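Chemist: Mind having a look at this structure? Questions to follow.
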Amino acid sequence: MTTSPEEHTPVINQGTMADTPDGHIPVGHTLPEGEALLSVRNLKKIYHTDGGDIEAVRNLTFDLPKGELTCLVGPSGSGKTTLLKAISGLLEPTAGEVKLAGNLVTGPPKNMAVVFQEYGRSLYPWMRVRENVELPLKVAGMDKAKRSQLVDDALEAVGLDHVPRSYPWQLSGGMQQRVAIARAVAYQPEVLLMDEPFAAVDAQTRADLEDLVRRVWKQLGVTVLFVTHDIDESVYLGSRVVILSSSPTIVQQDIKIDLPDERDQLETRSSARFAELRHHVYEQIQLAKQGFRPDAAKAQV
Amino acid sequence: MRYAKNFLYIVGLPALLLIGWVLWSAQSTSFFVPTWEQMTNAFSTTWTWSRMTTDVFPSVGRLIAGIIVSIILGIVVGLLVGSFRWLRQLMEPTMEFFRAVPPVVLIPVFMLLIGIGDDMKIAVIVLGAVWPILLNTVEGVRSMDEVLSDTSHTYRISGVARIRYLILPSAMPQIMAGIRQSLSIALILMVISEMFASSAGLGYTIIQFQRSFAIPEMWSGIVVLGLIGVIMSFIFQIVERKVLAWYHGQREMENAG
């Protein structure tokens, strides 16, 4: 990374330069074929609109090893949601591919769950909390006793075992998002995608939910991809942070978060290492916002 | 106390109107405005049990049949048209055409094609009452929340499950609004369908009274029609409250917050 302005940074930059169909650009951490659970290769998305083509994502390449909690952070409008939709099979990429456990993703995969930002719009308002959590299992044809057990466990895991008879809209925002997380947990996915899940809840609830995600991740051994625009959140939660450039998006940097495994809202956040990492990510995001691109892709437009 | 107050609100205006009418009609000399004694007499002598069974119940039966067929047809076609863009584009001009044709003008044609029995009368009711349900269902399906739809996709809820757990409940507020409009259209068409080539029915009876200048009896028939409308509306409200409890609750929460 000759163009990196961050030579004093303590962070190991895993981003390597690679020759892609879009030029010589940095890519995220990749693993040898067959080792990654989720792999994104040269993903590109161009929206065709009446006003012309909009290139939301230029070229993204990275791998998620099994069992890791990776945070994706980028400036607003950096195509985070587009990327997530492509990974979850809701959106067909213009070029490139997404593979989950070796299989090409062409539609929503069976072993993947998504938690959206808009909790108020992702829960079924005509169903009670329990029914909301149970529905995906019911539709999948799981027998009643088994799914009942899974639903109970999931509700307990998110601390909602006392409100199964409530409707989602009777709950606070934070609790609604817990229901959405419980639904994802009960679904027993291998990969859990979270699209800015806590952007719309208040700061205190947010801290609780962050710890909840860490706990659920450890308990279930699920692989999590957590998309956020909040720098502190990405450093606090992740074992790795992928920083995206501004749109058209490429991987700006892929860094390892070498904080202790046990994280604590007070201790971790006030540690020197946290401050360093946060500082680094913040700087990178500022650079991204100003339009700095660690590649020659800019010239290629 | 609260129930007493609610009850007063419900019966208050009808009671006032009734008293006003009694006072006003008592000194009526007009042939077309019978006094309240004439009216109550006419009402009790006209709407006997045998008249109920020969005229009112068959009419109400056709009305109910027409409404049920309209609801089923409107929702099924509405779901299809709302779900497929190509079908919508294909059907839209045609639907606008048929919707613009008043069902009444088709009665003579229907008489020739279907005959003059119950089928024809039900067909007339359906032809008018199906549109609000159909068009509202289409709108309801189309206005599906994108996040909810994405969520269902990611949990692989598709096919029949998608219709049952997602599309139908999500379109239900609009469907209910459509049904509400259809009820009054159906009642009007029930009366009109009995105006041609009929020998029994509520609409037929009222027209007969009009033609034979049995004015108090005619008025009493109109009152019966009104009462049927009120009963239908009450039943609808009870059903609606139950089916859309979540919707009203959610709205209240949003307004309160």
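Lettering and numbering for the structure tokens are positional, with chains as A, B, ... in the shown order, residues counted from 1 in each chain, and ligands counted from 1 in the shown order.
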Kindly determine which residues of chain B lie within 9 Å of chain A, considering only C-alpha atoms, and give the answer as a list of chain:residue names.

Modeler: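 The contacting residues on chain B are B:Asp145, B:Glu146, B:Val147, B:Leu148, B:Ser149, B:Asp150, B:Thr151, B:Ser152, B:His153, B:Thr154, B:Tyr155, B:Arg156, B:Ile157, B:Ser158, B:Ala161, B:Tyr165, B:Leu166, B:Pro169, B:Ser170, B:Leu244, B:Ala245, B:Trp246, B:Tyr247, B:Gly249, B:Gln250, B:Met253, B:Glu254.
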
Chemist: Using only N, CA and C atoms, please write the residues we just selected to a file, as a JSON list (two decimals), in the first residue's frame.

Modeler:
```json
[["chain", "number", "residue", "atom", "x", "y", "z"],
["B", 145, "ASP", "N", -45.02, -3.40, 2.00],
["B", 145, "ASP", "CA", -43.79, -2.81, 2.52],
["B", 145, "ASP", "C", -42.58, -3.58, 2.00],
["B", 146, "GLU", "N", -41.61, -2.84, 1.47],
["B", 146, "GLU", "CA", -40.47, -3.48, 0.82],
["B", 146, "GLU", "C", -39.60, -4.25, 1.82],
["B", 147, "VAL", "N", -39.43, -3.68, 3.01],
["B", 147, "VAL", "CA", -38.60, -4.35, 4.02],
["B", 147, "VAL", "C", -39.26, -5.66, 4.46],
["B", 148, "LEU", "N", -40.57, -5.61, 4.63],
["B", 148, "LEU", "CA", -41.29, -6.81, 5.04],
["B", 148, "LEU", "C", -41.20, -7.88, 3.95],
["B", 149, "SER", "N", -41.26, -7.43, 2.72],
["B", 149, "SER", "CA", -41.16, -8.35, 1.59],
["B", 149, "SER", "C", -39.76, -8.96, 1.53],
["B", 150, "ASP", "N", -38.73, -8.12, 1.71],
["B", 150, "ASP", "CA", -37.34, -8.62, 1.73],
["B", 150, "ASP", "C", -37.14, -9.61, 2.88],
["B", 151, "THR", "N", -37.67, -9.25, 4.04],
["B", 151, "THR", "CA", -37.55, -10.14, 5.20],
["B", 151, "THR", "C", -38.12, -11.51, 4.87],
["B", 152, "SER", "N", -39.31, -11.51, 4.28],
["B", 152, "SER", "CA", -39.95, -12.78, 3.96],
["B", 152, "SER", "C", -39.12, -13.56, 2.94],
["B", 153, "HIS", "N", -38.52, -12.85, 1.99],
["B", 153, "HIS", "CA", -37.67, -13.52, 1.02],
["B", 153, "HIS", "C", -36.47, -14.18, 1.70],
["B", 154, "THR", "N", -35.83, -13.43, 2.60],
["B", 154, "THR", "CA", -34.62, -13.99, 3.21],
["B", 154, "THR", "C", -34.96, -15.20, 4.08],
["B", 155, "TYR", "N", -36.18, -15.25, 4.64],
["B", 155, "TYR", "CA", -36.57, -16.43, 5.40],
["B", 155, "TYR", "C", -37.26, -17.47, 4.52],
["B", 156, "ARG", "N", -37.13, -17.28, 3.25],
["B", 156, "ARG", "CA", -37.63, -18.22, 2.24],
["B", 156, "ARG", "C", -39.10, -18.55, 2.44],
["B", 157, "ILE", "N", -39.87, -17.51, 2.71],
["B", 157, "ILE", "CA", -41.32, -17.68, 2.81],
["B", 157, "ILE", "C", -41.88, -17.35, 1.43],
["B", 158, "SER", "N", -42.29, -18.37, 0.71],
["B", 158, "SER", "CA", -42.71, -18.14, -0.67],
["B", 158, "SER", "C", -43.97, -18.94, -0.98],
["B", 161, "ALA", "N", -47.45, -19.91, 1.34],
["B", 161, "ALA", "CA", -47.15, -19.34, 2.65],
["B", 161, "ALA", "C", -47.00, -17.83, 2.55],
["B", 165, "TYR", "N", -49.36, -15.66, 4.86],
["B", 165, "TYR", "CA", -48.79, -14.99, 6.03],
["B", 165, "TYR", "C", -48.34, -13.57, 5.75],
["B", 166, "LEU", "N", -48.13, -13.25, 4.49],
["B", 166, "LEU", "CA", -47.61, -11.91, 4.20],
["B", 166, "LEU", "C", -48.59, -11.06, 3.37],
["B", 169, "PRO", "N", -52.59, -10.70, 4.81],
["B", 169, "PRO", "CA", -52.74, -9.82, 5.98],
["B", 169, "PRO", "C", -52.28, -8.39, 5.72],
["B", 170, "SER", "N", -51.23, -8.25, 4.91],
["B", 170, "SER", "CA", -50.73, -6.90, 4.69],
["B", 170, "SER", "C", -51.69, -6.08, 3.84],
["B", 244, "LEU", "N", -58.92, -6.66, 11.93],
["B", 244, "LEU", "CA", -57.89, -5.62, 11.85],
["B", 244, "LEU", "C", -57.50, -5.07, 13.22],
["B", 245, "ALA", "N", -57.66, -5.89, 14.25],
["B", 245, "ALA", "CA", -57.31, -5.42, 15.60],
["B", 245, "ALA", "C", -55.87, -4.93, 15.63],
["B", 246, "TRP", "N", -54.97, -5.68, 14.99],
["B", 246, "TRP", "CA", -53.56, -5.31, 14.96],
["B", 246, "TRP", "C", -53.36, -3.96, 14.27],
["B", 247, "TYR", "N", -54.13, -3.74, 13.23],
["B", 247, "TYR", "CA", -53.97, -2.51, 12.44],
["B", 247, "TYR", "C", -54.40, -1.29, 13.24],
["B", 249, "GLY", "N", -54.65, -1.13, 16.48],
["B", 249, "GLY", "CA", -53.74, -1.00, 17.61],
["B", 249, "GLY", "C", -52.45, -0.28, 17.21],
["B", 250, "GLN", "N", -51.92, -0.70, 16.07],
["B", 250, "GLN", "CA", -50.68, -0.09, 15.58],
["B", 250, "GLN", "C", -50.87, 1.40, 15.28],
["B", 253, "MET", "N", -50.96, 3.35, 18.46],
["B", 253, "MET", "CA", -49.63, 3.51, 19.02],
["B", 253, "MET", "C", -48.87, 4.61, 18.29],
["B", 254, "GLU", "N", -48.98, 4.61, 16.95],
["B", 254, "GLU", "CA", -48.27, 5.61, 16.16],
["B", 254, "GLU", "C", -48.77, 7.02, 16.49]]
```

Chemist: Could you go through segment 69-286 of chain A and tell me which residues DSSP, when run on the backbone, assigns to helix (DSSP H, G or I), listing them as a VMD selection string?

Modeler: chain A and resid 80 to 87 119 to 122 129 to 139 144 to 157 168 to 170 173 to 186 203 to 220 231 to 237 272 to 286

Chemist: Could you pull the residues within 10 Å of segment 45-49 of chain B, counting only C-alpha atoms, minus those fewer than 6 positions along the same chain, as an NGL selection string?

Modeler: :B and (39 or 55-56 or 216-218 or 220-221 or 224)

Chemist: May I have the residues from that selection written out with C-alpha atoms, as a short mmCIF file (atom, residue, chain, number, x, y, z; two decimals), in the first residue's frame?

Modeler:
```
data_model
loop_
_atom_site.label_atom_id
_atom_site.label_comp_id
_atom_site.auth_asym_id
_atom_site.auth_seq_id
_atom_site.Cartn_x
_atom_site.Cartn_y
_atom_site.Cartn_z
CA MET B 39 -97.21 4.08 9.22
CA ASP B 55 -89.89 -11.53 0.03
CA VAL B 56 -87.33 -10.39 2.57
CA PRO B 216 -97.54 3.96 3.93
CA GLU B 217 -96.61 0.42 2.86
CA MET B 218 -94.02 1.78 0.44
CA SER B 220 -92.40 0.90 5.53
CA GLY B 221 -90.52 -1.08 2.88
CA VAL B 224 -86.89 -2.21 6.16
#
```

Chemist: Would you mind reading off the distance between atom CA of Leu287 of chain A and atom CA of Pro75 of chain A, one decimal, in Å?

Modeler: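 Taking atom CA of Leu287 of chain A as the start and atom CA of Pro75 of chain A as the end point, the length is 9.7 Å.
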
Chemist: Restricting the calculation to only C-alpha atoms, which member of A:Thr268, A:Ser172, A:Asn132, A:Ser148 is positioned closest to Asp202 of chain A?

Modeler: A:Ser172

Chemist: One decimal, Å: what's the distance from atom CA of Leu63 of chain B over to atom CA of Ile133 of chain B, could you say?

Modeler: 15.7 Å

Chemist: Using only C-alpha atoms, find the one residue out of A:Leu84, A:Val73, A:Ala182, A:Val129 that sits nearest to Val242 of chain A.

Modeler: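 Of all the options, A:Val73 lies closest to Val242 of chain A.
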
Chemist: Considering only C-alpha atoms, can you say which of A:Ser247, A:Trp217, A:Met194, A:Asp258 comes closest to Phe292 of chain A?

Modeler: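 Selected residue with least distance to Phe292 of chain A: A:Ser247.
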
Chemist: Residues near segment 74-89 of chain B, anyone? I mean within 12 Å using only C-alpha atoms, not counting same-chain ones fewer than 2 positions away, as a PyMOL selection string.

Modeler: chain B and resi 66-72+91-96+126-144+159-160+162-164+166-172+174-176+178-179+182

Chemist: Can you write just those residues out, N, CA and C atoms, as a short mmCIF file (atom, residue, chain, number, x, y, z; two decimals), in the first residue's frame?

Modeler:
```
data_model
loop_
_atom_site.label_atom_id
_atom_site.label_comp_id
_atom_site.auth_asym_id
_atom_site.auth_seq_id
_atom_site.Cartn_x
_atom_site.Cartn_y
_atom_site.Cartn_z
N GLY B 66 -74.37 -12.62 -3.17
CA GLY B 66 -73.67 -11.67 -4.05
C GLY B 66 -72.43 -11.10 -3.36
N ILE B 67 -72.56 -10.78 -2.08
CA ILE B 67 -71.43 -10.21 -1.35
C ILE B 67 -70.31 -11.23 -1.21
N ILE B 68 -70.68 -12.47 -0.88
CA ILE B 68 -69.65 -13.51 -0.69
C ILE B 68 -68.91 -13.76 -2.01
N VAL B 69 -69.68 -13.90 -3.10
CA VAL B 69 -69.02 -14.12 -4.40
C VAL B 69 -68.12 -12.93 -4.74
N SER B 70 -68.60 -11.72 -4.46
CA SER B 70 -67.79 -10.52 -4.75
C SER B 70 -66.49 -10.53 -3.96
N ILE B 71 -66.59 -10.90 -2.68
CA ILE B 71 -65.39 -10.89 -1.83
C ILE B 71 -64.38 -11.91 -2.34
N ILE B 72 -64.85 -13.14 -2.61
CA ILE B 72 -63.92 -14.18 -3.05
C ILE B 72 -63.31 -13.80 -4.40
N MET B 91 -54.66 -6.16 -17.93
CA MET B 91 -56.05 -6.09 -17.49
C MET B 91 -56.56 -4.67 -17.25
N GLU B 92 -55.65 -3.74 -17.02
CA GLU B 92 -56.09 -2.44 -16.55
C GLU B 92 -57.12 -1.75 -17.47
N PRO B 93 -56.83 -1.60 -18.77
CA PRO B 93 -57.83 -0.93 -19.62
C PRO B 93 -59.16 -1.67 -19.64
N THR B 94 -59.09 -3.00 -19.71
CA THR B 94 -60.31 -3.80 -19.76
C THR B 94 -61.12 -3.64 -18.49
N MET B 95 -60.41 -3.65 -17.35
CA MET B 95 -61.11 -3.52 -16.08
C MET B 95 -61.80 -2.16 -15.98
N GLU B 96 -61.08 -1.12 -16.43
CA GLU B 96 -61.67 0.22 -16.39
C GLU B 96 -62.95 0.26 -17.22
N VAL B 126 -72.98 -8.91 -8.06
CA VAL B 126 -71.53 -9.13 -8.13
C VAL B 126 -70.89 -8.16 -9.10
N LEU B 127 -71.53 -7.96 -10.23
CA LEU B 127 -70.94 -7.10 -11.26
C LEU B 127 -70.71 -5.68 -10.76
N GLY B 128 -71.53 -5.25 -9.80
CA GLY B 128 -71.32 -3.91 -9.26
C GLY B 128 -70.44 -3.91 -8.03
N ALA B 129 -70.60 -4.94 -7.19
CA ALA B 129 -69.96 -4.92 -5.87
C ALA B 129 -68.52 -5.42 -5.90
N VAL B 130 -68.13 -6.10 -6.98
CA VAL B 130 -66.81 -6.70 -6.99
C VAL B 130 -65.69 -5.65 -7.16
N TRP B 131 -66.01 -4.54 -7.80
CA TRP B 131 -64.94 -3.59 -8.16
C TRP B 131 -64.22 -2.95 -6.99
N PRO B 132 -64.95 -2.40 -6.03
CA PRO B 132 -64.18 -1.80 -4.91
C PRO B 132 -63.26 -2.81 -4.24
N ILE B 133 -63.73 -4.06 -4.09
CA ILE B 133 -62.89 -5.07 -3.43
C ILE B 133 -61.69 -5.40 -4.30
N LEU B 134 -61.95 -5.60 -5.59
CA LEU B 134 -60.87 -5.98 -6.50
C LEU B 134 -59.80 -4.89 -6.56
N LEU B 135 -60.25 -3.66 -6.79
CA LEU B 135 -59.27 -2.57 -6.97
C LEU B 135 -58.52 -2.29 -5.67
N ASN B 136 -59.22 -2.38 -4.55
CA ASN B 136 -58.54 -2.16 -3.27
C ASN B 136 -57.54 -3.27 -2.98
N THR B 137 -57.89 -4.50 -3.35
CA THR B 137 -56.95 -5.60 -3.14
C THR B 137 -55.69 -5.38 -3.97
N VAL B 138 -55.87 -4.98 -5.22
CA VAL B 138 -54.72 -4.71 -6.09
C VAL B 138 -53.82 -3.65 -5.44
N GLU B 139 -54.44 -2.58 -4.97
CA GLU B 139 -53.66 -1.52 -4.32
C GLU B 139 -52.97 -2.03 -3.06
N GLY B 140 -53.70 -2.83 -2.29
CA GLY B 140 -53.14 -3.38 -1.06
C GLY B 140 -51.93 -4.26 -1.33
N VAL B 141 -52.02 -5.07 -2.37
CA VAL B 141 -50.90 -5.96 -2.70
C VAL B 141 -49.71 -5.13 -3.20
N ARG B 142 -50.01 -4.11 -3.98
CA ARG B 142 -48.93 -3.31 -4.55
C ARG B 142 -48.23 -2.45 -3.50
N SER B 143 -48.96 -2.04 -2.47
CA SER B 143 -48.34 -1.15 -1.48
C SER B 143 -47.63 -1.93 -0.39
N MET B 144 -47.33 -3.18 -0.66
CA MET B 144 -46.58 -4.01 0.28
C MET B 144 -45.28 -3.35 0.72
N GLY B 159 -44.49 -18.75 -2.17
CA GLY B 159 -45.66 -19.50 -2.63
C GLY B 159 -46.89 -19.24 -1.78
N VAL B 160 -47.57 -20.32 -1.41
CA VAL B 160 -48.82 -20.20 -0.67
C VAL B 160 -48.58 -19.55 0.70
N ARG B 162 -46.40 -17.37 1.46
CA ARG B 162 -46.22 -15.93 1.27
C ARG B 162 -47.57 -15.23 1.17
N ILE B 163 -48.49 -15.85 0.42
CA ILE B 163 -49.83 -15.24 0.29
C ILE B 163 -50.53 -15.25 1.65
N ARG B 164 -50.46 -16.38 2.32
CA ARG B 164 -51.22 -16.53 3.55
C ARG B 164 -50.68 -15.69 4.70
N LEU B 166 -48.13 -13.25 4.49
CA LEU B 166 -47.61 -11.91 4.20
C LEU B 166 -48.59 -11.06 3.37
N ILE B 167 -48.89 -11.53 2.16
CA ILE B 167 -49.62 -10.66 1.24
C ILE B 167 -51.04 -10.38 1.71
N LEU B 168 -51.75 -11.44 2.08
CA LEU B 168 -53.15 -11.26 2.47
C LEU B 168 -53.30 -10.39 3.72
N PRO B 169 -52.59 -10.70 4.81
CA PRO B 169 -52.74 -9.82 5.98
C PRO B 169 -52.28 -8.39 5.72
N SER B 170 -51.23 -8.25 4.91
CA SER B 170 -50.73 -6.90 4.69
C SER B 170 -51.69 -6.08 3.84
N ALA B 171 -52.46 -6.76 2.97
CA ALA B 171 -53.42 -6.03 2.13
C ALA B 171 -54.77 -5.91 2.82
N MET B 172 -54.93 -6.56 3.98
CA MET B 172 -56.24 -6.64 4.62
C MET B 172 -56.88 -5.28 4.95
N GLN B 174 -56.78 -2.53 3.29
CA GLN B 174 -57.38 -2.04 2.05
C GLN B 174 -58.55 -2.91 1.60
N ILE B 175 -58.38 -4.22 1.75
CA ILE B 175 -59.46 -5.13 1.35
C ILE B 175 -60.72 -4.80 2.15
N MET B 176 -60.55 -4.57 3.44
CA MET B 176 -61.70 -4.26 4.29
C MET B 176 -62.36 -2.95 3.86
N GLY B 178 -62.44 -1.83 0.91
CA GLY B 178 -63.16 -2.16 -0.32
C GLY B 178 -64.47 -2.86 -0.02
N ILE B 179 -64.44 -3.79 0.93
CA ILE B 179 -65.66 -4.53 1.27
C ILE B 179 -66.72 -3.56 1.81
N SER B 182 -68.37 -1.96 -0.96
CA SER B 182 -69.16 -2.91 -1.73
C SER B 182 -70.50 -3.22 -1.08
#
```

Chemist: In segment 87-134 of chain A, what's strand (DSSP E or B) per DSSP? Answer as number ranges by chain?

Modeler: A: 95-100, 103-104, 112-115

Chemist: Take the residues from that selection and write them out as an mmCIF file, in the first residue's frame, keeping all heavy atoms.

Modeler:
```cif
data_model
loop_
_atom_site.group_PDB
_atom_site.id
_atom_site.type_symbol
_atom_site.label_atom_id
_atom_site.label_comp_id
_atom_site.auth_asym_id
_atom_site.auth_seq_id
_atom_site.Cartn_x
_atom_site.Cartn_y
_atom_site.Cartn_z
ATOM 1 N N ALA A 95 -21.916 -7.785 -11.847
ATOM 2 C CA ALA A 95 -20.801 -8.679 -12.161
ATOM 3 C C ALA A 95 -20.261 -9.234 -10.861
ATOM 4 O O ALA A 95 -20.563 -8.714 -9.781
ATOM 5 C CB ALA A 95 -19.717 -7.921 -12.914
ATOM 6 N N GLY A 96 -19.475 -10.264 -10.953
ATOM 7 C CA GLY A 96 -18.905 -10.867 -9.755
ATOM 8 C C GLY A 96 -19.843 -11.882 -9.152
ATOM 9 O O GLY A 96 -20.933 -12.133 -9.675
ATOM 10 N N GLU A 97 -19.391 -12.455 -8.022
ATOM 11 C CA GLU A 97 -20.222 -13.503 -7.437
ATOM 12 C C GLU A 97 -20.083 -13.550 -5.930
ATOM 13 O O GLU A 97 -19.120 -13.047 -5.343
ATOM 14 C CB GLU A 97 -19.826 -14.853 -8.029
ATOM 15 C CG GLU A 97 -18.356 -15.169 -7.804
ATOM 16 C CD GLU A 97 -17.959 -16.511 -8.400
ATOM 17 O OE1 GLU A 97 -18.496 -16.873 -9.457
ATOM 18 O OE2 GLU A 97 -17.113 -17.180 -7.786
ATOM 19 N N VAL A 98 -21.094 -14.145 -5.320
ATOM 20 C CA VAL A 98 -21.085 -14.394 -3.882
ATOM 21 C C VAL A 98 -21.246 -15.891 -3.707
ATOM 22 O O VAL A 98 -22.112 -16.508 -4.330
ATOM 23 C CB VAL A 98 -22.251 -13.663 -3.188
ATOM 24 C CG1 VAL A 98 -22.273 -13.992 -1.710
ATOM 25 C CG2 VAL A 98 -22.148 -12.162 -3.395
ATOM 26 N N LYS A 99 -20.380 -16.470 -2.890
ATOM 27 C CA LYS A 99 -20.497 -17.908 -2.651
ATOM 28 C C LYS A 99 -20.661 -18.153 -1.169
ATOM 29 O O LYS A 99 -19.939 -17.581 -0.344
ATOM 30 C CB LYS A 99 -19.248 -18.634 -3.142
ATOM 31 C CG LYS A 99 -19.327 -19.028 -4.597
ATOM 32 C CD LYS A 99 -18.128 -19.879 -4.963
ATOM 33 C CE LYS A 99 -18.212 -20.333 -6.402
ATOM 34 N NZ LYS A 99 -16.933 -20.920 -6.825
ATOM 35 N N LEU A 100 -21.620 -19.000 -0.826
ATOM 36 C CA LEU A 100 -21.826 -19.375 0.564
ATOM 37 C C LEU A 100 -21.531 -20.861 0.674
ATOM 38 O O LEU A 100 -22.194 -21.679 0.039
ATOM 39 C CB LEU A 100 -23.261 -19.076 0.987
ATOM 40 C CG LEU A 100 -23.623 -19.457 2.416
ATOM 41 C CD1 LEU A 100 -22.798 -18.696 3.425
ATOM 42 C CD2 LEU A 100 -25.100 -19.210 2.674
ATOM 43 N N ASN A 103 -21.322 -22.652 -2.515
ATOM 44 C CA ASN A 103 -22.426 -22.585 -3.469
ATOM 45 C C ASN A 103 -22.694 -21.147 -3.886
ATOM 46 O O ASN A 103 -22.750 -20.252 -3.043
ATOM 47 C CB ASN A 103 -23.701 -23.156 -2.848
ATOM 48 C CG ASN A 103 -23.528 -24.589 -2.424
ATOM 49 O OD1 ASN A 103 -22.959 -25.395 -3.155
ATOM 50 N ND2 ASN A 103 -23.969 -24.897 -1.207
ATOM 51 N N LEU A 104 -22.890 -20.975 -5.177
ATOM 52 C CA LEU A 104 -23.171 -19.650 -5.705
ATOM 53 C C LEU A 104 -24.521 -19.165 -5.183
ATOM 54 O O LEU A 104 -25.508 -19.887 -5.214
ATOM 55 C CB LEU A 104 -23.197 -19.727 -7.239
ATOM 56 C CG LEU A 104 -23.067 -18.402 -7.980
ATOM 57 C CD1 LEU A 104 -21.715 -17.770 -7.716
ATOM 58 C CD2 LEU A 104 -23.272 -18.628 -9.463
ATOM 59 N N MET A 112 -29.017 -18.667 5.938
ATOM 60 C CA MET A 112 -28.639 -17.277 6.171
ATOM 61 C C MET A 112 -29.837 -16.513 6.726
ATOM 62 O O MET A 112 -30.967 -16.710 6.292
ATOM 63 C CB MET A 112 -28.196 -16.643 4.853
ATOM 64 C CG MET A 112 -27.724 -15.212 4.982
ATOM 65 S SD MET A 112 -27.389 -14.514 3.363
ATOM 66 C CE MET A 112 -25.748 -15.114 3.034
ATOM 67 N N ALA A 113 -29.592 -15.670 7.706
ATOM 68 C CA ALA A 113 -30.660 -14.818 8.227
ATOM 69 C C ALA A 113 -30.196 -13.370 8.153
ATOM 70 O O ALA A 113 -29.001 -13.089 8.249
ATOM 71 C CB ALA A 113 -30.989 -15.195 9.661
ATOM 72 N N VAL A 114 -31.146 -12.469 7.973
ATOM 73 C CA VAL A 114 -30.822 -11.051 7.861
ATOM 74 C C VAL A 114 -31.620 -10.273 8.894
ATOM 75 O O VAL A 114 -32.815 -10.506 9.063
ATOM 76 C CB VAL A 114 -31.145 -10.511 6.447
ATOM 77 C CG1 VAL A 114 -30.684 -9.065 6.310
ATOM 78 C CG2 VAL A 114 -30.507 -11.375 5.376
ATOM 79 N N VAL A 115 -30.950 -9.369 9.589
ATOM 80 C CA VAL A 115 -31.644 -8.449 10.498
ATOM 81 C C VAL A 115 -31.534 -7.058 9.892
ATOM 82 O O VAL A 115 -30.436 -6.566 9.640
ATOM 83 C CB VAL A 115 -31.018 -8.473 11.908
ATOM 84 C CG1 VAL A 115 -31.661 -7.415 12.796
ATOM 85 C CG2 VAL A 115 -31.174 -9.845 12.540
#
```

Chemist: Would you kindly return, as a list of chain:residue names, each protein, DNA or RNA residue with an atom no farther than 12 Å from any atom of Pro58 of chain B, considering only C-alpha atoms and excluding same-chain residues fewer than 3 positions away?

Modeler: B:Ser50, B:Arg51, B:Met52, B:Thr53, B:Thr54, B:Asp55, B:Gly61, B:Arg62, B:Leu63, B:Ile64, B:Ala65, B:Gly117, B:Asp118, B:Lys121, B:Ile122, B:Met190, B:Val191, B:Glu194, B:Ser199, B:Ala200, B:Gly201, B:Leu202, B:Gly203, B:Tyr204
